[in-house]
Each structure stands twice: as structure tokens, then as C-alpha cells.
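Engineer: Can you read through this structure? Questions will come right after.
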2 protein chains.
Amino acid sequence: MRVLAVDVGGTKVRAALFEGTEMLYRKEVPTPRAGGPYAVAEAIERLADGSFEVISVASMGPLDMESGWVIAAPNSPIGKFAIREPLERAFGVPVLLYNDCVAAAWGEHVLGRGKGMRDLVYVTISTGIGVGAVVDGELAVGRRGNAHEGGHIVVDLHSDLQCGCGGYGHWEALGGGANLWRVAQRKAREWGESSEGAGLALAGEMSPELLYSLARRGDPFALRLVDYLNSVHAAGIASLIAVYDPEAIFVGGSIFLNNEDLMKEKIEEYARKYSILGVPPIYRATFGQDAVLYGALAIALRPPQRA
Amino acid sequence: MRVLAVDVGGTKVRAALFEGTEMLYRKEVPTPRAGGPYAVAEAIERLADGSFEVISVASMGPLDMESGWVIAAPNSPIGKFAIREPLERAFGVPVLLYNDCVAAAWGEHVLGRGKGMRDLVYVTISTGIGVGAVVDGELAVGRRGNAHEGGHIVVDLHSDLQCGCGGYGHWEALGGGANLWRVAQRKAREWGESSEGAGLALAGEMSPELLYSLARRGDPFALRLVDYLNSVHAAGIASLIAVYDPEAIFVGGSIFLNNEDLMKEKIEEYARKYSILGVPPIYRATFGQDAVLYGALAIALRPPQRA
């Protein structure tokens, strides 16, 4: 079967054509930041090339699976946008729509290192924080497709930092890449460190790339902030362990994939402090930056019971 | 079918004999606090009266469903105790073992107001905080029976209050009845209020009953602490909404059932602040204090797919 797998993320829309599990090509464009509710579907149309029997879209959420719309993507200025109907009209093939991390979790279960695991969790640490879970061998989807907006669990109930979604104290608000400059600015004020990193943070100039490169150069503020962020991720992961009791946790997303050396061990250490059930193995996502594309493929190849 | 339904809680072991859904009797004893790993099973044996075809036990967790043991109940000084094997030996009938709140969630789905809901969450606010969930029409159980130790999600990553389970910052550590005296003592120090309630809290003499009765009499410290606890419960509930996107949340447990008037509206208000997906209806548990007994019954009457 030929599948057009699509990953709609906060910064990029990526598409790959698969023949079985073989990737024939992969293309990407920046996620449209204007152009209304059909701009994303149009970007996907331009990426599609060759013939395919099904389009499987894995998108940032929250979704409304009934209508085939993404209803309120916190990291997208477009907000609400249509997926299923415009693509069905343009290509005349079935269009599947799932949450990106829900799909990536299924990808680990069907095609990745998580084959044979009845219970696993996928986490992305990137622009936002996303979560998907396989529970008792089935993909947990939820009534609107939004089990699991696990990036929006509350890890700090006292935080007045607002998430892109509007909520407070969320893992994503404190640990997602999009909000990092705000978190860095506050921590620079709170801690009163003086270093190159603290100066940049105070000026509102902090990005994940900059932070981890400063940390590698030994900047004390950057090291402290990386440590704090590791505790944020550990708290989130410990909550997921409490909720899902998984056999393994797979972590993807550019922030983690590019900085595993500064993150993984500390996250494991702090998660042991936070977790009720111990900490299962934490693995790098089997398909790395393509985790969501392979997830979308897995959805098409072996549709979850609730298709 | 005659079912002996059993609820093993932090303070009481309760048993009820059901003929179909009709309760023939209900009895209870205090949960053994000594006597080794067979004391709880022996207490259940003494409660059993009459004939039955199956024993369905819903217990505080965490469990190991494979072995039929409760492996580390944070609110029990006994710790590890056996359920399945000693009861099977004593009565010669099959013994089912599920987490108490997992069972109660199934009870809402099969017998309660949650009939027909594909996605619902049950929460108990009592000695501890417990959570169960029905996801996509199926009971989420987890590999060892511990999806969902949702009471042990981290709601305050900065908290140094240790949970009975050993973890930090947990919903149960901050919002469970067993730890209330510690939370009250710290808040009394932190806030520096002077009132009858603050004095009792400083002396380490605070219980849920006392707290809510002081709040009803207008004690300013008690009112403030009730408000803080409502924010703790709201943060936990918002995290559950993010993870499960349920159609409704059912709340049981003695603290909530006895003090709904001081809790429900504020929890809903704060949850709206914390939640990404809005707040679905929050209902009082259909079977009130018997939620876990009816949950155990539901497990026996309609075994979840992963029995």
C-alpha cells in the first residue's frame, strides 16, 4: 500500500510517501502562519507528489476528529484549521487524522522498538510538549482525539506563566521551546545570576539552540536553567508513569534529540524522585525526527481499533 | 449471579453481597494495621457470609495483578499484602483483583450515571487521591494494574512534601486526607495567620473533619486552606482532563462527599484556569460511599476486556 504520511507541526509541515514501510521521498515546508483555515491543507496539497491510496495526517492538537479539524493549536497563529474535508476533495482518497504524538506512540508500537509492548508512552520535547500512549495494547485516542494532551498537565500549580493554550502551570508552558524565552527571563530575574546566558535571558533572547550551546560552554545560568528544565520534564514524565505505568518511555522532539546528552540522565534521576512506580527505560524515539511520519504511516498500515 | 464485592481502603475493609445488582448485606471492619501480609485477606474472610460464585476485590494500590498482591499501599502500615491466593484457597471461587478507583470508574460506566459514556474519569478525594478511567469504552488497567495511579501525578514540582509513596509534589501528598496535618502545619507557618484553625494546624492537629467544620464556622485560616486545597484538586483534575479528555468526571471519597458544598464550585472555577480542554461536567459519584463496592460488582458482572 502507498501512504502519504503527513506531520503537521508547530514550525514545519512534512510529508513522506511510503510504499509499505519504505520511504520513497520526504518533503517539508514551514507551517503557514497566515492564510486562514485552509492554508495548512493547501500546503499539504503542494507537498503531495505521485499516487497514494490514503493520506494519514498526524497533527499538533487539540483536534476534533469528528469534523476533521484542528481546533485550537496553541503553537500556531492560524488557530483552527481544516484537514480532512479539503484533502478528501483534492485527492479523492480517504484521509485519516490523528494527534501527532498519539500517532508517534502507535508508530513505536507497530514499527519501532516498542513492538510487543502493551503499554508505552511517547513524549515529544520540542516547540511544545506532546504525549501519546498505548494502553493495554490499544492506542488511547479519547472522544475528540485529544487523549492525550499530556503536555498540558499541571506540573506547577503556583506558576503564573500562561501556556499557549491559555492554561497555567503546564509542562508545556514551562518546558516547551516556544515559551523558553519567557521562562529564561523569569528565572534570570528570580535567580539574579550574572553571566552571558543570564544577560541574554533578561533581554528576552533565549532559544533552545542558544541555551544548550551556552550550557555546553559552561555558562552557569544556562546550566542551572537546563537543570530546572530537566526537573520540569521529570515531573511531567513521573506523572505519565503514574497514569500509564508504561513498559518504556520513548522521547522525541528536536530539543531532546539534539540534547540528549544534557537531558536524559538528569531526567531519569529526577523522575525517580517524583515517581510512585519507579522509572521504566527511557529510550530515544526509534525514528528520531521522523517519529510522527512513521506514526502516521503506522496508523494507515494498522488502523487502531477505534479508527 | 451472587458476587461478594470487597473494598479494601486505607481505613476500612468493606464487603457486600450482591444478587445481581441488589445488595443483600454490607459489612465493614477497620483495615488491619498489623498482622502481616495475610491480615487483610483474613479480615475479608471474616466479613464473608452466605454463598457466592465470585469474589471481586477492589483495593488501594499499587497492585501486582499477576501475583494478586497489593505491593506498596502508601496509606497502609502493612505495605505488601496478598489477596487472590489466600481467598481462592479459603473459598474455592475465582477472585478478581482491581485497583479501587479503576473499579469505581468501571462501576460508573456499567451501572452508574456514566452508562453510555465512552470516556470518563473517576476520582476519589479521601485518605488518598485515587483515579480510574474509561478510555474509548474500555477500562484502562495498565500492565501491573496501576494505570491509573493518577493521585500520584506531580502538581507542584517545587514541593518538598513527601508522599506516602515516597515521591514529591504529588496531588495525594498535597490534597489527600492522610497528609492534611502536614500540609496545614506548613501553610500555617508560611501564611502566618492567627486564628483557632492556624493554632491547631501549627500544633499538628488538623484533620479533614476539623478543617471543613472550622471553615463552616468562618475560621480565616481554614477558609484559606480549603481554597488552596481546591486549587490542588483543580490542578489534578485539569491534568486528568488533558490526559483523558473525558465526557464527565465523577468524584467520590469521604472528603468530597461530605464537603461538596465547599469544594465543587471552586474546583470547577480553578480547573477552568488550569485546563487546556475546558472542563466537562463534574458529578458526585453515583453510588457515593459505595462507589468502590459497586465498582467491584461491575467488574464481576461485566469483566473488562483485559480480565
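As shown in the C-alpha cells, the chain order sets the letters A, B, ...; within each chain, residues go from 1, and ligands are also counted from 1 in the order they appear.
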If we count only C-alpha atoms, what is near A:Ser51 at a cut-off of 10 Å, once residues fewer than 4 positions away on the same chain are taken out, given as a ChimeraX atom specification?

Structural biologist: /A:2-4,17,91

Engineer: Taking the chain letters and numbering used in this document, name the residues of stretch 36-230 of chain A that DSSP puts in strand (DSSP E or B), as a ChimeraX atom specification.

Structural biologist: /A:54-59,63-64,69-70,81-82,95-99,120-125,129-135,138-139,154,156,162,168,170

Engineer: Please return as an NGL selection string: the residues of stretch 250-306 of chain A that backbone DSSP assigns to alpha helix (DSSP H).

Structural biologist: :A and (254-274 or 291-301)

Engineer: Any idea what's packed within 8 Å of B:Pro220, counting only C-alpha atoms, ignoring anything in its chain fewer than 2 positions away? Could you give it as a VMD selection string?

Structural biologist: chain B and resid 193 195 197 215 218 222 to 224

Engineer: Got a sec to align chain A on chain B by every in-order Cα pair and hand back the fitted coordinates as an mmCIF file with C-alpha atoms, in the first residue's frame?

Structural biologist:
data_model
loop_
_atom_site.group_PDB
_atom_site.id
_atom_site.type_symbol
_atom_site.label_atom_id
_atom_site.label_comp_id
_atom_site.auth_asym_id
_atom_site.auth_seq_id
_atom_site.Cartn_x
_atom_site.Cartn_y
_atom_site.Cartn_z
ATOM 1 C CA MET A 1 -25.095 -14.268 39.899
ATOM 2 C CA ARG A 2 -24.041 -13.768 43.508
ATOM 3 C CA VAL A 3 -20.947 -11.620 43.956
ATOM 4 C CA LEU A 4 -19.006 -10.836 47.104
ATOM 5 C CA ALA A 5 -17.737 -7.332 46.381
ATOM 6 C CA VAL A 6 -14.901 -6.060 48.570
ATOM 7 C CA ASP A 7 -13.452 -2.581 49.014
ATOM 8 C CA VAL A 8 -10.008 -2.533 50.661
ATOM 9 C CA GLY A 9 -9.384 1.066 51.660
ATOM 10 C CA GLY A 10 -6.894 2.962 53.778
ATOM 11 C CA THR A 11 -9.128 2.970 56.842
ATOM 12 C CA LYS A 12 -11.808 0.307 56.252
ATOM 13 C CA VAL A 13 -12.272 -3.043 54.600
ATOM 14 C CA ARG A 14 -15.874 -3.329 53.403
ATOM 15 C CA ALA A 15 -17.691 -6.252 51.870
ATOM 16 C CA ALA A 16 -21.136 -6.500 50.307
ATOM 17 C CA LEU A 17 -23.000 -9.497 48.954
ATOM 18 C CA PHE A 18 -24.898 -8.794 45.744
ATOM 19 C CA GLU A 19 -27.546 -10.864 43.983
ATOM 20 C CA GLY A 20 -27.455 -9.308 40.514
ATOM 21 C CA THR A 21 -27.336 -5.604 41.360
ATOM 22 C CA GLU A 22 -29.294 -5.966 44.602
ATOM 23 C CA MET A 23 -27.224 -5.525 47.752
ATOM 24 C CA LEU A 24 -28.112 -8.240 50.277
ATOM 25 C CA TYR A 25 -25.822 -6.983 53.031
ATOM 26 C CA ARG A 26 -22.834 -4.765 53.641
ATOM 27 C CA LYS A 27 -20.310 -5.110 56.468
ATOM 28 C CA GLU A 28 -17.053 -3.423 57.384
ATOM 29 C CA VAL A 29 -14.047 -3.638 59.697
ATOM 30 C CA PRO A 30 -11.096 -1.284 60.211
ATOM 31 C CA THR A 31 -8.251 -2.057 57.812
ATOM 32 C CA PRO A 32 -5.706 -4.174 59.689
ATOM 33 C CA ARG A 33 -2.680 -2.086 60.603
ATOM 34 C CA ALA A 34 -0.561 -5.051 61.698
ATOM 35 C CA GLY A 35 -0.574 -8.821 61.333
ATOM 36 C CA GLY A 36 1.526 -9.294 58.233
ATOM 37 C CA PRO A 37 0.751 -9.932 54.584
ATOM 38 C CA TYR A 38 -2.283 -12.177 55.167
ATOM 39 C CA ALA A 39 -4.127 -9.951 57.674
ATOM 40 C CA VAL A 40 -6.234 -8.217 55.022
ATOM 41 C CA ALA A 41 -7.320 -11.495 53.411
ATOM 42 C CA GLU A 42 -8.233 -12.837 56.838
ATOM 43 C CA ALA A 43 -10.336 -9.739 57.526
ATOM 44 C CA ILE A 44 -12.165 -10.369 54.252
ATOM 45 C CA GLU A 45 -12.735 -14.012 55.215
ATOM 46 C CA ARG A 46 -14.399 -12.898 58.445
ATOM 47 C CA LEU A 47 -16.655 -10.456 56.561
ATOM 48 C CA ALA A 48 -17.846 -13.082 54.059
ATOM 49 C CA ASP A 49 -21.232 -14.591 54.850
ATOM 50 C CA GLY A 50 -23.525 -16.718 52.698
ATOM 51 C CA SER A 51 -22.683 -18.222 49.315
ATOM 52 C CA PHE A 52 -21.292 -16.529 46.245
ATOM 53 C CA GLU A 53 -19.802 -17.544 42.909
ATOM 54 C CA VAL A 54 -17.039 -14.981 42.683
ATOM 55 C CA ILE A 55 -15.151 -12.583 44.924
ATOM 56 C CA SER A 56 -14.332 -9.246 43.352
ATOM 57 C CA VAL A 57 -11.814 -7.227 45.331
ATOM 58 C CA ALA A 58 -11.135 -3.568 44.623
ATOM 59 C CA SER A 59 -8.150 -2.422 46.637
ATOM 60 C CA MET A 60 -5.968 0.592 47.264
ATOM 61 C CA GLY A 61 -2.809 0.182 45.156
ATOM 62 C CA PRO A 62 -0.317 -0.157 43.670
ATOM 63 C CA LEU A 63 -1.119 -3.738 42.741
ATOM 64 C CA ASP A 64 0.671 -6.516 41.005
ATOM 65 C CA MET A 65 -2.242 -8.166 39.221
ATOM 66 C CA GLU A 66 -0.130 -11.099 38.019
ATOM 67 C CA SER A 67 0.634 -12.231 41.552
ATOM 68 C CA GLY A 68 -2.617 -10.970 43.094
ATOM 69 C CA TRP A 69 -0.764 -8.899 45.679
ATOM 70 C CA VAL A 70 -1.047 -5.297 46.747
ATOM 71 C CA ILE A 71 2.590 -4.312 46.567
ATOM 72 C CA ALA A 72 3.083 -0.993 48.291
ATOM 73 C CA ALA A 73 -0.079 0.676 49.607
ATOM 74 C CA PRO A 74 1.204 4.123 50.645
ATOM 75 C CA ASN A 75 -1.546 4.624 53.228
ATOM 76 C CA SER A 76 -1.207 1.242 54.890
ATOM 77 C CA PRO A 77 1.397 0.378 57.506
ATOM 78 C CA ILE A 78 1.161 -3.256 56.386
ATOM 79 C CA GLY A 79 2.637 -2.422 52.996
ATOM 80 C CA LYS A 80 2.656 -5.544 50.824
ATOM 81 C CA PHE A 81 -0.255 -7.978 51.227
ATOM 82 C CA ALA A 82 -1.758 -10.973 49.441
ATOM 83 C CA ILE A 83 -5.326 -11.040 48.136
ATOM 84 C CA ARG A 84 -6.014 -13.571 45.423
ATOM 85 C CA GLU A 85 -4.291 -16.753 46.540
ATOM 86 C CA PRO A 86 -5.459 -16.886 50.203
ATOM 87 C CA LEU A 87 -9.070 -16.062 49.233
ATOM 88 C CA GLU A 88 -9.135 -18.628 46.415
ATOM 89 C CA ARG A 89 -7.851 -21.193 48.883
ATOM 90 C CA ALA A 90 -10.370 -20.246 51.576
ATOM 91 C CA PHE A 91 -13.498 -20.119 49.371
ATOM 92 C CA GLY A 92 -12.729 -22.143 46.239
ATOM 93 C CA VAL A 93 -14.165 -19.473 43.932
ATOM 94 C CA PRO A 94 -12.463 -17.167 41.411
ATOM 95 C CA VAL A 95 -11.047 -13.986 42.931
ATOM 96 C CA LEU A 96 -10.785 -10.822 40.840
ATOM 97 C CA LEU A 97 -8.454 -8.037 41.918
ATOM 98 C CA TYR A 98 -8.519 -4.484 40.610
ATOM 99 C CA ASN A 99 -7.395 -1.091 41.777
ATOM 100 C CA ASP A 100 -10.224 0.531 43.780
ATOM 101 C CA CYS A 101 -10.658 3.618 41.648
ATOM 102 C CA VAL A 102 -10.174 1.715 38.411
ATOM 103 C CA ALA A 103 -13.103 -0.444 39.582
ATOM 104 C CA ALA A 104 -15.160 2.593 40.597
ATOM 105 C CA ALA A 105 -14.682 4.095 37.120
ATOM 106 C CA TRP A 106 -15.993 0.835 35.642
ATOM 107 C CA GLY A 107 -18.901 1.000 38.091
ATOM 108 C CA GLU A 108 -19.910 4.409 36.746
ATOM 109 C CA HIS A 109 -19.634 3.110 33.166
ATOM 110 C CA VAL A 110 -21.573 -0.149 33.704
ATOM 111 C CA LEU A 111 -24.052 0.705 36.461
ATOM 112 C CA GLY A 112 -23.969 4.437 37.182
ATOM 113 C CA ARG A 113 -24.688 7.781 35.623
ATOM 114 C CA GLY A 114 -21.751 7.213 33.259
ATOM 115 C CA LYS A 115 -23.617 4.481 31.330
ATOM 116 C CA GLY A 116 -23.094 5.085 27.648
ATOM 117 C CA MET A 117 -20.106 7.398 28.118
ATOM 118 C CA ARG A 118 -17.061 6.189 26.172
ATOM 119 C CA ASP A 119 -14.659 8.323 28.175
ATOM 120 C CA LEU A 120 -14.998 9.110 31.845
ATOM 121 C CA VAL A 121 -12.812 9.591 34.868
ATOM 122 C CA TYR A 122 -13.478 8.664 38.483
ATOM 123 C CA VAL A 123 -11.607 10.470 41.260
ATOM 124 C CA THR A 124 -11.691 9.785 44.964
ATOM 125 C CA ILE A 125 -10.727 12.516 47.416
ATOM 126 C CA SER A 126 -10.284 10.715 50.685
ATOM 127 C CA THR A 127 -7.383 9.403 52.805
ATOM 128 C CA GLY A 128 -5.560 9.358 49.493
ATOM 129 C CA ILE A 129 -6.356 10.543 45.992
ATOM 130 C CA GLY A 130 -7.268 7.809 43.544
ATOM 131 C CA VAL A 131 -8.143 7.834 39.870
ATOM 132 C CA GLY A 132 -9.696 5.431 37.402
ATOM 133 C CA ALA A 133 -10.551 5.977 33.762
ATOM 134 C CA VAL A 134 -12.619 4.502 30.999
ATOM 135 C CA VAL A 135 -10.924 5.350 27.698
ATOM 136 C CA ASP A 136 -12.589 4.706 24.345
ATOM 137 C CA GLY A 137 -15.168 2.502 26.083
ATOM 138 C CA GLU A 138 -12.566 0.276 27.708
ATOM 139 C CA LEU A 139 -11.291 0.228 31.263
ATOM 140 C CA ALA A 140 -7.672 1.348 31.322
ATOM 141 C CA VAL A 141 -5.829 -1.127 33.510
ATOM 142 C CA GLY A 142 -2.116 -0.955 32.744
ATOM 143 C CA ARG A 143 0.452 -3.682 32.766
ATOM 144 C CA ARG A 144 0.451 -4.279 36.532
ATOM 145 C CA GLY A 145 -3.035 -2.941 37.180
ATOM 146 C CA ASN A 146 -1.759 0.496 38.081
ATOM 147 C CA ALA A 147 -3.030 2.656 35.316
ATOM 148 C CA HIS A 148 -4.093 4.876 36.959
ATOM 149 C CA GLU A 149 -2.224 5.918 39.991
ATOM 150 C CA GLY A 150 -3.347 9.363 38.966
ATOM 151 C CA GLY A 151 -3.273 10.572 42.571
ATOM 152 C CA HIS A 152 0.489 10.468 42.234
ATOM 153 C CA ILE A 153 0.807 12.924 39.387
ATOM 154 C CA VAL A 154 3.067 15.844 40.245
ATOM 155 C CA VAL A 155 1.070 19.049 40.720
ATOM 156 C CA ASP A 156 3.810 21.072 42.411
ATOM 157 C CA LEU A 157 7.305 20.249 41.245
ATOM 158 C CA HIS A 158 8.840 22.544 43.876
ATOM 159 C CA SER A 159 7.152 20.880 46.828
ATOM 160 C CA ASP A 160 9.370 19.130 49.340
ATOM 161 C CA LEU A 161 6.390 17.385 50.940
ATOM 162 C CA GLN A 162 6.898 13.678 50.557
ATOM 163 C CA CYS A 163 3.993 11.471 49.580
ATOM 164 C CA GLY A 164 3.212 8.235 51.412
ATOM 165 C CA CYS A 165 4.561 6.509 48.290
ATOM 166 C CA GLY A 166 7.915 8.261 48.576
ATOM 167 C CA GLY A 167 7.490 10.705 45.698
ATOM 168 C CA TYR A 168 7.385 14.500 45.892
ATOM 169 C CA GLY A 169 4.836 17.115 44.875
ATOM 170 C CA HIS A 170 2.048 14.600 44.306
ATOM 171 C CA TRP A 171 -1.631 15.554 44.265
ATOM 172 C CA GLU A 172 -2.111 12.993 47.041
ATOM 173 C CA ALA A 173 0.739 14.424 49.132
ATOM 174 C CA LEU A 174 -0.828 17.887 49.007
ATOM 175 C CA GLY A 175 -4.521 17.008 48.844
ATOM 176 C CA GLY A 176 -5.012 13.609 50.496
ATOM 177 C CA GLY A 177 -6.568 13.391 53.949
ATOM 178 C CA ALA A 178 -3.706 11.395 55.478
ATOM 179 C CA ASN A 179 -1.223 14.189 54.823
ATOM 180 C CA LEU A 180 -3.526 17.083 55.683
ATOM 181 C CA TRP A 181 -1.991 17.779 59.078
ATOM 182 C CA ARG A 182 1.434 18.248 57.465
ATOM 183 C CA VAL A 183 0.101 20.498 54.713
ATOM 184 C CA ALA A 184 -1.855 22.528 57.292
ATOM 185 C CA GLN A 185 1.193 22.919 59.540
ATOM 186 C CA ARG A 186 3.349 24.202 56.691
ATOM 187 C CA LYS A 187 0.733 26.580 55.401
ATOM 188 C CA ALA A 188 0.135 27.936 58.914
ATOM 189 C CA ARG A 189 3.863 28.696 59.162
ATOM 190 C CA GLU A 190 4.058 30.088 55.643
ATOM 191 C CA TRP A 191 0.991 32.314 55.853
ATOM 192 C CA GLY A 192 1.437 33.495 59.443
ATOM 193 C CA GLU A 193 -2.328 33.628 60.014
ATOM 194 C CA SER A 194 -3.506 33.723 63.603
ATOM 195 C CA SER A 195 -6.827 32.044 64.197
ATOM 196 C CA GLU A 196 -8.136 29.003 66.005
ATOM 197 C CA GLY A 197 -7.528 26.954 62.866
ATOM 198 C CA ALA A 198 -3.979 28.215 62.415
ATOM 199 C CA GLY A 199 -3.196 27.391 66.047
ATOM 200 C CA LEU A 200 -4.466 23.844 65.674
ATOM 201 C CA ALA A 201 -2.594 23.484 62.400
ATOM 202 C CA LEU A 202 0.675 24.663 63.966
ATOM 203 C CA ALA A 203 0.193 22.111 66.750
ATOM 204 C CA GLY A 204 -0.138 19.391 64.099
ATOM 205 C CA GLU A 205 -3.789 18.836 64.952
ATOM 206 C CA MET A 206 -5.677 19.054 61.731
ATOM 207 C CA SER A 207 -7.972 16.524 60.118
ATOM 208 C CA PRO A 208 -10.378 16.816 57.194
ATOM 209 C CA GLU A 209 -13.389 16.773 59.568
ATOM 210 C CA LEU A 210 -11.901 19.560 61.691
ATOM 211 C CA LEU A 211 -10.786 21.648 58.730
ATOM 212 C CA TYR A 212 -14.150 21.748 56.988
ATOM 213 C CA SER A 213 -16.035 22.337 60.228
ATOM 214 C CA LEU A 214 -13.716 25.271 61.051
ATOM 215 C CA ALA A 215 -14.240 26.603 57.534
ATOM 216 C CA ARG A 216 -18.017 26.416 57.989
ATOM 217 C CA ARG A 217 -17.610 28.495 61.147
ATOM 218 C CA GLY A 218 -15.670 31.120 59.181
ATOM 219 C CA ASP A 219 -12.164 30.502 60.507
ATOM 220 C CA PRO A 220 -9.960 32.549 58.129
ATOM 221 C CA PHE A 221 -7.052 30.090 58.086
ATOM 222 C CA ALA A 222 -9.367 27.164 57.441
ATOM 223 C CA LEU A 223 -11.077 29.037 54.608
ATOM 224 C CA ARG A 224 -7.733 29.859 53.039
ATOM 225 C CA LEU A 225 -6.539 26.274 53.354
ATOM 226 C CA VAL A 226 -9.773 24.939 51.850
ATOM 227 C CA ASP A 227 -9.220 27.352 48.975
ATOM 228 C CA TYR A 228 -5.636 26.144 48.500
ATOM 229 C CA LEU A 229 -6.784 22.519 48.575
ATOM 230 C CA ASN A 230 -9.424 23.303 45.976
ATOM 231 C CA SER A 231 -6.639 24.635 43.719
ATOM 232 C CA VAL A 232 -4.659 21.418 44.306
ATOM 233 C CA HIS A 233 -7.658 19.295 43.325
ATOM 234 C CA ALA A 234 -8.349 21.546 40.343
ATOM 235 C CA ALA A 235 -4.754 21.175 39.105
ATOM 236 C CA GLY A 236 -5.019 17.407 39.406
ATOM 237 C CA ILE A 237 -8.375 17.317 37.645
ATOM 238 C CA ALA A 238 -7.111 19.622 34.870
ATOM 239 C CA SER A 239 -4.221 17.220 34.302
ATOM 240 C CA LEU A 240 -6.671 14.325 34.058
ATOM 241 C CA ILE A 241 -8.734 16.295 31.539
ATOM 242 C CA ALA A 242 -5.578 16.905 29.467
ATOM 243 C CA VAL A 243 -4.720 13.220 29.562
ATOM 244 C CA TYR A 244 -8.173 11.643 29.103
ATOM 245 C CA ASP A 245 -10.474 14.310 27.629
ATOM 246 C CA PRO A 246 -13.438 12.703 29.464
ATOM 247 C CA GLU A 247 -17.153 13.393 28.952
ATOM 248 C CA ALA A 248 -17.605 13.705 32.709
ATOM 249 C CA ILE A 249 -15.659 13.444 35.928
ATOM 250 C CA PHE A 250 -17.193 11.571 38.836
ATOM 251 C CA VAL A 251 -15.901 12.452 42.271
ATOM 252 C CA GLY A 252 -16.257 10.302 45.348
ATOM 253 C CA GLY A 253 -14.351 9.798 48.574
ATOM 254 C CA SER A 254 -15.412 10.921 52.009
ATOM 255 C CA ILE A 255 -13.727 14.334 51.920
ATOM 256 C CA PHE A 256 -15.582 15.306 48.759
ATOM 257 C CA LEU A 257 -18.863 13.573 49.566
ATOM 258 C CA ASN A 258 -19.056 15.305 52.961
ATOM 259 C CA ASN A 259 -17.920 18.723 51.763
ATOM 260 C CA GLU A 260 -19.145 19.065 48.221
ATOM 261 C CA ASP A 261 -20.674 22.454 49.106
ATOM 262 C CA LEU A 262 -17.238 23.898 49.954
ATOM 263 C CA MET A 263 -15.398 22.195 47.105
ATOM 264 C CA LYS A 264 -17.246 21.625 43.852
ATOM 265 C CA GLU A 265 -17.775 25.151 42.529
ATOM 266 C CA LYS A 266 -14.295 26.365 43.361
ATOM 267 C CA ILE A 267 -12.691 23.248 41.911
ATOM 268 C CA GLU A 268 -14.628 23.850 38.694
ATOM 269 C CA GLU A 269 -13.587 27.503 38.635
ATOM 270 C CA TYR A 270 -9.890 26.771 39.202
ATOM 271 C CA ALA A 271 -9.911 23.826 36.805
ATOM 272 C CA ARG A 272 -11.047 26.193 34.053
ATOM 273 C CA LYS A 273 -7.918 28.243 34.763
ATOM 274 C CA TYR A 274 -5.677 25.185 34.568
ATOM 275 C CA SER A 275 -7.310 23.183 31.783
ATOM 276 C CA ILE A 276 -6.474 23.133 28.086
ATOM 277 C CA LEU A 277 -9.711 21.466 27.020
ATOM 278 C CA GLY A 278 -12.376 23.214 29.079
ATOM 279 C CA VAL A 279 -13.983 21.431 32.003
ATOM 280 C CA PRO A 280 -16.589 18.715 31.446
ATOM 281 C CA PRO A 281 -19.392 18.184 33.992
ATOM 282 C CA ILE A 282 -18.167 17.199 37.450
ATOM 283 C CA TYR A 283 -20.657 14.861 39.148
ATOM 284 C CA ARG A 284 -20.892 13.414 42.613
ATOM 285 C CA ALA A 285 -20.138 9.662 42.462
ATOM 286 C CA THR A 286 -23.367 7.836 41.574
ATOM 287 C CA PHE A 287 -23.004 5.367 44.433
ATOM 288 C CA GLY A 288 -21.489 7.754 46.963
ATOM 289 C CA GLN A 289 -19.578 5.953 49.705
ATOM 290 C CA ASP A 290 -20.338 2.632 47.985
ATOM 291 C CA ALA A 291 -18.664 3.629 44.715
ATOM 292 C CA VAL A 292 -15.863 1.069 45.078
ATOM 293 C CA LEU A 293 -18.253 -1.737 46.110
ATOM 294 C CA TYR A 294 -20.410 -1.117 43.041
ATOM 295 C CA GLY A 295 -17.207 -0.883 41.024
ATOM 296 C CA ALA A 296 -16.119 -4.317 42.230
ATOM 297 C CA LEU A 297 -19.609 -5.593 41.389
ATOM 298 C CA ALA A 298 -19.414 -4.102 37.882
ATOM 299 C CA ILE A 299 -16.059 -5.833 37.312
ATOM 300 C CA ALA A 300 -17.681 -9.185 38.138
ATOM 301 C CA LEU A 301 -20.885 -8.573 36.153
ATOM 302 C CA ARG A 302 -19.174 -7.286 33.033
ATOM 303 C CA PRO A 303 -15.477 -8.144 33.127
ATOM 304 C CA PRO A 304 -13.329 -5.582 31.323
ATOM 305 C CA GLN A 305 -11.825 -6.837 28.066
ATOM 306 C CA ARG A 306 -8.505 -7.398 29.764
ATOM 307 C CA ALA A 307 -9.819 -9.557 32.629
#
